[in-house]
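Some notes on the structure that comes next.
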Amino acid sequence: MMHAIKWHGVAELAFWLSVAIVFYVYTGYGLLLATLSIFVRRRHQNPEHRPFLSVVIAAYNEEKGIRKKIEQTLDLDYPADRLEIIVASDGSTDRTDEIVTSMQDPRVRLIRVEGRKGKTAAQNEAVKICKGDVVVFSDATTVYHPQALRYIAANYHDPTVGAVSGRYQYFDAQGSSPTGLGTIAFWNYENLIKVLQSKIRTISGCCGCIYSVRRALYTPLPAEVISDLVQPLHVIRQGYRVVFEDRALAYEETTRSANEEFSMRVRVVTRGIRGLLSVPDMLVPGKHTWVCFQLWSHKILRWLIPLALSVLWGSSLLLWNQPTYRFVFMAQSCFYIMAVLTYFIPLHKRWKVLGIPLYFCILNAAALCSVVEVLRGKKYMVWETVRT
């Protein structure tokens with residue numbers, strides 16, 4: 001009898017601890033930031049500040065779209081004499097290099113990185129030849145808002161700002177992506193978190209296809225880490241803030257399939273974990289306690305959510321005899337069953353909202369897989385271009 005009571009208590013403790021972690025990661029942290037931001041005065045910008053910008057475009061086998069990307073960048077609303085474009089070709093084997101070198105505009109330059117070393121390594125090499133005071137990192141597939149560069153540049157009038165991130169704006173072009181609605185909802189939440197972090201003090205990670213850094217503060221990074229998470233941390237280490245400019249939009253299409261989304265998320269999270277392991281001092285309270293708090297709240301705990309969800313499901317099953325726990329167990333099970341059904345059957349085409357459970361499960365399955373990959377010593381340095 002006493003043994004049964006003891007295990008019942010352990011199961012209840014595990015249940016409520018898991019509930020607390022999941023609630024904090026997805027709701028509590030955001031509410032805390034929203035509350036703190038009320039007491040912070042918004043900082044002013046100088047909309048006429050125009051530093052010289054170097055836009056670095058990392059590319060691998062982008063012959064189908066690189067010309068359009070360059071032309072779109074040249075057409076952005078930014079002074080022509082204050083802008084240059086560097087295409088960092090990471091061992092491309094198609095006509096990418098030829099197309100770039102054929103461009104007549106003298107502001108466009110190519111740097112070829114031999115040996116297929118990956119995006120981070122390509123960016124390291126590109127920065128070496130940049131002339132700009134500020135380097136903007138972009139992807140070959142990303143479309144910028146016409147005034148995105150102006151919005152980013154205005155923030156650098158503040159000498160305490162060392163890096164500026166723009167905002168992802170995802171769209172499902174064909175309306176058929178099983179994870180489209182989930183991606184859009186997730187990144188809207190992420191952007192809200194960044195707005196609040198930036199208002200309070202500094203963000204701790206940028207949007208990979210539209211972020212910038214003062215060239216003088218750039219730190220060459222190991223090829224296996226994700227630059228848009230780790231580069232901002234090095235900027236913070238040097239005593240500067242990293243801010244979020246939510247008007248600087250970068251339009252990016254959602255992935256086309258659940259498998260593609262899963263593979264991408266595993267690569268990104270694995271590189272993110274390795275990135276944080278490369279700056280261990282940022283993970284302990286001290287000089288950067290507030291950033292440490294952000295990283296644990298919004299990165300590390302989120303990557304550990306699969307464990308919390310597993311404990312939540314198992315403990316609620318053990319407590320089946322009580323109505324509250326039985327309801328939670330059944331609700332979780334229905335949620336996961338719906339995700340599995342949507343994976344195998346395109347239910348999202350009829351009811352788009354069903355894509356959200358699938359995306360949630362993909363995110364957390366990828367996080368779990370990434371932790372395992374890191375423990376196995378797996379490194380992701382290169383990416384494969386997906387085009388249809």
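A note on labels: chains of the structure tokens are A, B, ... as shown, every chain counts residues from 1, and ligands are counted from 1 in their shown order.
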Residues within 12 Å of Tyr24 of chain A, only C-alpha atoms, excluding chain neighbours under 6 positions, as number ranges by chain: A: 17-18, 30-33, 296-298, 301-302, 305, 308
Exercise: Trp290 of chain A partners within 10 Å, only C-alpha atoms, chain neighbours under 6 positions left out, as a PyMOL selection string: chain A and resi 201-202+204+282
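Residues with any atom within 12 Å of His288 of chain A, counting only C-alpha atoms and excluding same-chain neighbours fewer than 2 positions away, are Arg201, Thr202, Ser204, Leu233, His234, Val235, Ile236, Arg237, Gln238, Gly239, Tyr240, Arg241, Val279, Pro280, Asp281, Met282, Leu283, Val284, Pro285, Gly286, Trp290, Val291, Cys292, Phe293, Gln294 and Leu295 of chain A.
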Residue list (strand (DSSP E), DSSP) for segment 97-235 of chain A, as a ChimeraX atom specification: /A:108-113,134-139,143-144,161-171,210-214
Those residues with N, CA and C atoms, as a PDB file, in the first residue's frame please?
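out-v5.pdb written:
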ATOM      1  N   VAL A 108      28.812  44.151 -57.749  1.00  0.00           N
ATOM      2  CA  VAL A 108      28.614  42.711 -57.544  1.00  0.00           C
ATOM      3  C   VAL A 108      29.949  41.987 -57.691  1.00  0.00           C
ATOM      4  N   ARG A 109      30.313  41.221 -56.671  1.00  0.00           N
ATOM      5  CA  ARG A 109      31.563  40.459 -56.712  1.00  0.00           C
ATOM      6  C   ARG A 109      31.315  39.008 -56.292  1.00  0.00           C
ATOM      7  N   LEU A 110      32.183  38.147 -56.759  1.00  0.00           N
ATOM      8  CA  LEU A 110      32.107  36.713 -56.445  1.00  0.00           C
ATOM      9  C   LEU A 110      33.337  36.300 -55.662  1.00  0.00           C
ATOM     10  N   ILE A 111      33.119  35.501 -54.614  1.00  0.00           N
ATOM     11  CA  ILE A 111      34.225  34.821 -53.961  1.00  0.00           C
ATOM     12  C   ILE A 111      33.887  33.332 -53.945  1.00  0.00           C
ATOM     13  N   ARG A 112      34.772  32.531 -54.468  1.00  0.00           N
ATOM     14  CA  ARG A 112      34.524  31.088 -54.533  1.00  0.00           C
ATOM     15  C   ARG A 112      35.284  30.395 -53.409  1.00  0.00           C
ATOM     16  N   VAL A 113      34.557  29.574 -52.666  1.00  0.00           N
ATOM     17  CA  VAL A 113      35.151  28.801 -51.581  1.00  0.00           C
ATOM     18  C   VAL A 113      35.258  27.357 -52.056  1.00  0.00           C
ATOM     19  N   VAL A 134      29.053  47.729 -42.361  1.00  0.00           N
ATOM     20  CA  VAL A 134      28.112  46.732 -41.856  1.00  0.00           C
ATOM     21  C   VAL A 134      27.955  45.634 -42.892  1.00  0.00           C
ATOM     22  N   VAL A 135      27.951  44.381 -42.431  1.00  0.00           N
ATOM     23  CA  VAL A 135      27.768  43.230 -43.314  1.00  0.00           C
ATOM     24  C   VAL A 135      26.381  42.651 -43.077  1.00  0.00           C
ATOM     25  N   VAL A 136      25.619  42.500 -44.157  1.00  0.00           N
ATOM     26  CA  VAL A 136      24.276  41.921 -44.095  1.00  0.00           C
ATOM     27  C   VAL A 136      24.328  40.530 -44.708  1.00  0.00           C
ATOM     28  N   PHE A 137      23.864  39.522 -43.984  1.00  0.00           N
ATOM     29  CA  PHE A 137      23.896  38.149 -44.470  1.00  0.00           C
ATOM     30  C   PHE A 137      22.523  37.740 -44.996  1.00  0.00           C
ATOM     31  N   SER A 138      22.513  37.208 -46.211  1.00  0.00           N
ATOM     32  CA  SER A 138      21.264  36.818 -46.848  1.00  0.00           C
ATOM     33  C   SER A 138      21.403  35.434 -47.458  1.00  0.00           C
ATOM     34  N   ASP A 139      20.271  34.832 -47.784  1.00  0.00           N
ATOM     35  CA  ASP A 139      20.244  33.563 -48.514  1.00  0.00           C
ATOM     36  C   ASP A 139      19.845  33.824 -49.957  1.00  0.00           C
ATOM     37  N   VAL A 143      13.646  36.909 -50.409  1.00  0.00           N
ATOM     38  CA  VAL A 143      13.257  38.185 -51.005  1.00  0.00           C
ATOM     39  C   VAL A 143      13.085  39.208 -49.889  1.00  0.00           C
ATOM     40  N   TYR A 144      13.734  40.370 -50.029  1.00  0.00           N
ATOM     41  CA  TYR A 144      13.654  41.406 -49.012  1.00  0.00           C
ATOM     42  C   TYR A 144      12.570  42.428 -49.321  1.00  0.00           C
ATOM     43  N   VAL A 161      24.844  49.503 -30.557  1.00  0.00           N
ATOM     44  CA  VAL A 161      24.301  48.397 -31.363  1.00  0.00           C
ATOM     45  C   VAL A 161      25.414  47.780 -32.203  1.00  0.00           C
ATOM     46  N   GLY A 162      25.616  46.484 -32.037  1.00  0.00           N
ATOM     47  CA  GLY A 162      26.652  45.797 -32.789  1.00  0.00           C
ATOM     48  C   GLY A 162      26.131  44.893 -33.873  1.00  0.00           C
ATOM     49  N   ALA A 163      24.854  44.512 -33.773  1.00  0.00           N
ATOM     50  CA  ALA A 163      24.246  43.633 -34.773  1.00  0.00           C
ATOM     51  C   ALA A 163      22.742  43.898 -34.811  1.00  0.00           C
ATOM     52  N   VAL A 164      22.152  43.689 -35.981  1.00  0.00           N
ATOM     53  CA  VAL A 164      20.715  43.925 -36.177  1.00  0.00           C
ATOM     54  C   VAL A 164      20.142  42.762 -36.971  1.00  0.00           C
ATOM     55  N   SER A 165      19.028  42.240 -36.498  1.00  0.00           N
ATOM     56  CA  SER A 165      18.323  41.165 -37.204  1.00  0.00           C
ATOM     57  C   SER A 165      17.044  41.702 -37.823  1.00  0.00           C
ATOM     58  N   GLY A 166      16.744  41.219 -39.016  1.00  0.00           N
ATOM     59  CA  GLY A 166      15.451  41.477 -39.616  1.00  0.00           C
ATOM     60  C   GLY A 166      14.474  40.396 -39.196  1.00  0.00           C
ATOM     61  N   ARG A 167      13.360  40.320 -39.898  1.00  0.00           N
ATOM     62  CA  ARG A 167      12.261  39.432 -39.496  1.00  0.00           C
ATOM     63  C   ARG A 167      11.894  38.471 -40.619  1.00  0.00           C
ATOM     64  N   TYR A 168      11.747  37.186 -40.281  1.00  0.00           N
ATOM     65  CA  TYR A 168      11.220  36.192 -41.217  1.00  0.00           C
ATOM     66  C   TYR A 168       9.738  36.461 -41.467  1.00  0.00           C
ATOM     67  N   GLN A 169       9.325  36.380 -42.708  1.00  0.00           N
ATOM     68  CA  GLN A 169       7.895  36.401 -43.028  1.00  0.00           C
ATOM     69  C   GLN A 169       7.653  35.205 -43.950  1.00  0.00           C
ATOM     70  N   TYR A 170       7.211  34.096 -43.370  1.00  0.00           N
ATOM     71  CA  TYR A 170       7.027  32.884 -44.164  1.00  0.00           C
ATOM     72  C   TYR A 170       5.693  32.908 -44.901  1.00  0.00           C
ATOM     73  N   PHE A 171       5.671  32.258 -46.057  1.00  0.00           N
ATOM     74  CA  PHE A 171       4.429  32.121 -46.809  1.00  0.00           C
ATOM     75  C   PHE A 171       4.396  30.749 -47.470  1.00  0.00           C
ATOM     76  N   ILE A 210      18.394  37.211 -42.837  1.00  0.00           N
ATOM     77  CA  ILE A 210      18.403  38.668 -42.831  1.00  0.00           C
ATOM     78  C   ILE A 210      18.919  39.165 -41.474  1.00  0.00           C
ATOM     79  N   TYR A 211      20.230  39.116 -41.337  1.00  0.00           N
ATOM     80  CA  TYR A 211      20.823  39.713 -40.141  1.00  0.00           C
ATOM     81  C   TYR A 211      22.132  40.381 -40.518  1.00  0.00           C
ATOM     82  N   SER A 212      22.566  41.301 -39.658  1.00  0.00           N
ATOM     83  CA  SER A 212      23.733  42.107 -39.990  1.00  0.00           C
ATOM     84  C   SER A 212      24.602  42.298 -38.761  1.00  0.00           C
ATOM     85  N   VAL A 213      25.849  42.679 -38.998  1.00  0.00           N
ATOM     86  CA  VAL A 213      26.809  42.898 -37.924  1.00  0.00           C
ATOM     87  C   VAL A 213      27.814  43.946 -38.370  1.00  0.00           C
ATOM     88  N   ARG A 214      28.289  44.748 -37.431  1.00  0.00           N
ATOM     89  CA  ARG A 214      29.379  45.659 -37.755  1.00  0.00           C
ATOM     90  C   ARG A 214      30.593  44.828 -38.169  1.00  0.00           C
TER      91      ARG A 214
END
Surrounding residues of Gln332 of chain A excluding itself and chain neighbours under 3 positions, 12 Å, only C-alpha atoms, as a PyMOL selection string: chain A and resi 309-317+325-329+335-339+357+361
For Pro51 of chain A: contacts at 10 Å, only C-alpha atoms, fewer than 6 positions along chain excluded, given as a PyMOL selection string: chain A and resi 79+82-83+132-134+150+153-154+156-157+214
For Glu261 of chain A: contacts at 12 Å, only C-alpha atoms, fewer than 2 positions along chain excluded, given as an MDAnalysis selection string: chainID A and resid 177:180 182:183 253:259 263:268 343 358:366 386
Neighbour list for Ile70 of chain A as number ranges by chain, cut-off 12 Å, only C-alpha atoms, skip fewer than 2 positions in-chain: A: 55-59, 62-68, 72-76, 84-87, 96, 99-105, 107-110, 138-144
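Comparing the minimum interatomic distances between Leu304 of chain A and each of A:Gly118, A:Leu36, A:Ile21, A:Arg50, counting only C-alpha atoms, we find that A:Ile21 sits nearest.
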Give the helix (DSSP H, G or I) residues of segment 201-369 of chain A, as assigned by DSSP on the backbone, as a PDB file with C-alpha atoms, in the first residue's frame.
ATOM      1  CA  ARG A 215      32.282  44.354 -39.828  1.00  0.00           C
ATOM      2  CA  ALA A 216      34.771  45.346 -37.128  1.00  0.00           C
ATOM      3  CA  LEU A 217      32.969  43.074 -34.645  1.00  0.00           C
ATOM      4  CA  SER A 227      26.231  31.669 -37.476  1.00  0.00           C
ATOM      5  CA  ASP A 228      22.942  33.503 -36.869  1.00  0.00           C
ATOM      6  CA  LEU A 229      22.879  32.205 -33.272  1.00  0.00           C
ATOM      7  CA  VAL A 230      26.575  32.300 -32.386  1.00  0.00           C
ATOM      8  CA  GLN A 231      27.722  35.463 -34.187  1.00  0.00           C
ATOM      9  CA  PRO A 232      25.299  37.643 -32.135  1.00  0.00           C
ATOM     10  CA  LEU A 233      26.623  36.060 -28.934  1.00  0.00           C
ATOM     11  CA  HIS A 234      30.167  37.070 -29.883  1.00  0.00           C
ATOM     12  CA  VAL A 235      28.906  40.601 -30.514  1.00  0.00           C
ATOM     13  CA  ILE A 236      27.340  40.643 -27.033  1.00  0.00           C
ATOM     14  CA  ARG A 237      30.597  39.336 -25.591  1.00  0.00           C
ATOM     15  CA  ALA A 258       7.105  17.140 -43.626  1.00  0.00           C
ATOM     16  CA  ASN A 259      10.298  15.188 -44.369  1.00  0.00           C
ATOM     17  CA  GLU A 260      11.997  18.280 -45.765  1.00  0.00           C
ATOM     18  CA  GLU A 261      10.991  20.293 -42.694  1.00  0.00           C
ATOM     19  CA  PHE A 262      12.233  17.578 -40.331  1.00  0.00           C
ATOM     20  CA  SER A 263      15.618  17.302 -42.053  1.00  0.00           C
ATOM     21  CA  MET A 264      16.045  21.066 -42.041  1.00  0.00           C
ATOM     22  CA  ARG A 265      15.131  21.360 -38.363  1.00  0.00           C
ATOM     23  CA  VAL A 266      17.548  18.578 -37.363  1.00  0.00           C
ATOM     24  CA  ARG A 267      20.371  20.325 -39.212  1.00  0.00           C
ATOM     25  CA  VAL A 268      19.549  23.723 -37.711  1.00  0.00           C
ATOM     26  CA  VAL A 269      19.117  22.530 -34.117  1.00  0.00           C
ATOM     27  CA  THR A 270      22.224  20.318 -34.218  1.00  0.00           C
ATOM     28  CA  ARG A 271      24.260  23.293 -35.393  1.00  0.00           C
ATOM     29  CA  GLY A 272      22.571  25.443 -32.758  1.00  0.00           C
ATOM     30  CA  ILE A 273      23.493  23.075 -29.941  1.00  0.00           C
ATOM     31  CA  ARG A 274      27.068  22.907 -31.163  1.00  0.00           C
ATOM     32  CA  GLY A 275      27.058  26.674 -31.398  1.00  0.00           C
ATOM     33  CA  LEU A 276      26.055  27.144 -27.767  1.00  0.00           C
ATOM     34  CA  LEU A 277      28.636  24.578 -26.673  1.00  0.00           C
ATOM     35  CA  PRO A 280      30.090  27.947 -22.641  1.00  0.00           C
ATOM     36  CA  ASP A 281      30.619  31.178 -20.701  1.00  0.00           C
ATOM     37  CA  MET A 282      27.300  32.469 -22.057  1.00  0.00           C
ATOM     38  CA  LEU A 283      25.471  29.558 -20.426  1.00  0.00           C
ATOM     39  CA  THR A 289      23.345  36.839 -16.804  1.00  0.00           C
ATOM     40  CA  TRP A 290      20.375  38.221 -18.746  1.00  0.00           C
ATOM     41  CA  VAL A 291      21.536  36.606 -21.998  1.00  0.00           C
ATOM     42  CA  CYS A 292      22.212  33.362 -20.122  1.00  0.00           C
ATOM     43  CA  PHE A 293      18.621  33.471 -18.842  1.00  0.00           C
ATOM     44  CA  GLN A 294      17.331  34.012 -22.388  1.00  0.00           C
ATOM     45  CA  LEU A 295      19.350  31.118 -23.802  1.00  0.00           C
ATOM     46  CA  TRP A 296      18.147  28.684 -21.134  1.00  0.00           C
ATOM     47  CA  SER A 297      14.535  29.863 -21.377  1.00  0.00           C
ATOM     48  CA  HIS A 298      14.192  30.054 -25.128  1.00  0.00           C
ATOM     49  CA  LYS A 299      16.770  27.616 -26.493  1.00  0.00           C
ATOM     50  CA  ILE A 300      17.954  24.911 -24.129  1.00  0.00           C
ATOM     51  CA  LEU A 301      14.647  24.254 -22.373  1.00  0.00           C
ATOM     52  CA  ARG A 302      12.852  24.232 -25.720  1.00  0.00           C
ATOM     53  CA  TRP A 303      15.249  21.626 -27.049  1.00  0.00           C
ATOM     54  CA  ILE A 305      10.704  19.805 -24.392  1.00  0.00           C
ATOM     55  CA  PRO A 306      10.501  16.316 -26.027  1.00  0.00           C
ATOM     56  CA  LEU A 307      11.647  14.857 -22.701  1.00  0.00           C
ATOM     57  CA  ALA A 308       9.064  16.889 -20.789  1.00  0.00           C
ATOM     58  CA  LEU A 309       6.318  15.833 -23.201  1.00  0.00           C
ATOM     59  CA  SER A 310       7.291  12.173 -22.856  1.00  0.00           C
ATOM     60  CA  VAL A 311       7.194  12.409 -19.058  1.00  0.00           C
ATOM     61  CA  LEU A 312       3.863  14.243 -19.233  1.00  0.00           C
ATOM     62  CA  TRP A 313       2.327  11.523 -21.398  1.00  0.00           C
ATOM     63  CA  GLY A 314       3.736   8.659 -19.315  1.00  0.00           C
ATOM     64  CA  SER A 315       2.835  10.136 -15.930  1.00  0.00           C
ATOM     65  CA  SER A 316      -0.715  10.935 -17.012  1.00  0.00           C
ATOM     66  CA  LEU A 317      -1.064   7.323 -18.150  1.00  0.00           C
ATOM     67  CA  LEU A 318       0.128   6.079 -14.759  1.00  0.00           C
ATOM     68  CA  PRO A 323     -10.369  12.008 -14.253  1.00  0.00           C
ATOM     69  CA  THR A 324      -8.066  15.026 -14.662  1.00  0.00           C
ATOM     70  CA  TYR A 325      -5.023  12.983 -15.596  1.00  0.00           C
ATOM     71  CA  ARG A 326      -7.097  10.655 -17.782  1.00  0.00           C
ATOM     72  CA  PHE A 327      -8.399  13.676 -19.736  1.00  0.00           C
ATOM     73  CA  VAL A 328      -4.866  15.034 -20.224  1.00  0.00           C
ATOM     74  CA  PHE A 329      -3.621  11.651 -21.400  1.00  0.00           C
ATOM     75  CA  MET A 330      -6.446  11.303 -23.917  1.00  0.00           C
ATOM     76  CA  ALA A 331      -5.997  14.889 -25.157  1.00  0.00           C
ATOM     77  CA  GLN A 332      -2.280  14.305 -25.730  1.00  0.00           C
ATOM     78  CA  SER A 333      -2.903  11.007 -27.460  1.00  0.00           C
ATOM     79  CA  CYS A 334      -5.514  12.513 -29.785  1.00  0.00           C
ATOM     80  CA  PHE A 335      -3.127  15.352 -30.619  1.00  0.00           C
ATOM     81  CA  TYR A 336      -0.319  12.953 -31.550  1.00  0.00           C
ATOM     82  CA  ILE A 337      -2.649  10.641 -33.482  1.00  0.00           C
ATOM     83  CA  MET A 338      -3.863  13.638 -35.487  1.00  0.00           C
ATOM     84  CA  ALA A 339      -0.263  14.561 -36.284  1.00  0.00           C
ATOM     85  CA  VAL A 340       0.510  11.032 -37.485  1.00  0.00           C
ATOM     86  CA  LEU A 341      -2.642  10.905 -39.614  1.00  0.00           C
ATOM     87  CA  THR A 342      -1.772  14.262 -41.211  1.00  0.00           C
ATOM     88  CA  TYR A 343       1.702  12.962 -41.987  1.00  0.00           C
ATOM     89  CA  PHE A 344       0.334   9.982 -43.928  1.00  0.00           C
ATOM     90  CA  LEU A 347      -5.833  16.172 -44.131  1.00  0.00           C
ATOM     91  CA  HIS A 348      -4.293  19.670 -44.045  1.00  0.00           C
ATOM     92  CA  LYS A 349      -5.536  20.310 -47.589  1.00  0.00           C
ATOM     93  CA  LYS A 352      -5.298  23.639 -42.659  1.00  0.00           C
ATOM     94  CA  VAL A 353      -5.331  23.893 -38.872  1.00  0.00           C
ATOM     95  CA  LEU A 354      -4.446  20.181 -38.730  1.00  0.00           C
ATOM     96  CA  GLY A 355      -0.987  21.106 -39.953  1.00  0.00           C
ATOM     97  CA  ILE A 356      -0.211  22.667 -36.567  1.00  0.00           C
ATOM     98  CA  PRO A 357      -0.091  19.368 -34.575  1.00  0.00           C
ATOM     99  CA  LEU A 358       2.148  17.902 -37.281  1.00  0.00           C
ATOM    100  CA  TYR A 359       4.512  20.873 -37.213  1.00  0.00           C
ATOM    101  CA  PHE A 360       4.642  20.827 -33.393  1.00  0.00           C
ATOM    102  CA  CYS A 361       5.576  17.145 -33.424  1.00  0.00           C
ATOM    103  CA  ILE A 362       8.174  17.649 -36.165  1.00  0.00           C
ATOM    104  CA  LEU A 363       9.814  20.455 -34.188  1.00  0.00           C
ATOM    105  CA  ASN A 364      10.109  18.341 -31.080  1.00  0.00           C
ATOM    106  CA  ALA A 365      11.070  15.120 -32.841  1.00  0.00           C
ATOM    107  CA  ALA A 366      13.812  17.058 -34.623  1.00  0.00           C
ATOM    108  CA  ALA A 367      15.030  18.539 -31.323  1.00  0.00           C
ATOM    109  CA  LEU A 368      15.240  15.073 -29.781  1.00  0.00           C
ATOM    110  CA  CYS A 369      17.052  13.728 -32.833  1.00  0.00           C
TER     111      CYS A 369
END
Among the residues A:Gln322, A:Arg43, A:Asp97, A:Arg350, the one that comes closest to Lys199 of chain A [using only C-alpha atoms]: A:Arg43
Given only C-alpha atoms as the counted atoms, nearest of A:Ile345, A:Val19, A:Val243, A:Ala223 to Tyr380 of chain A: A:Ala223
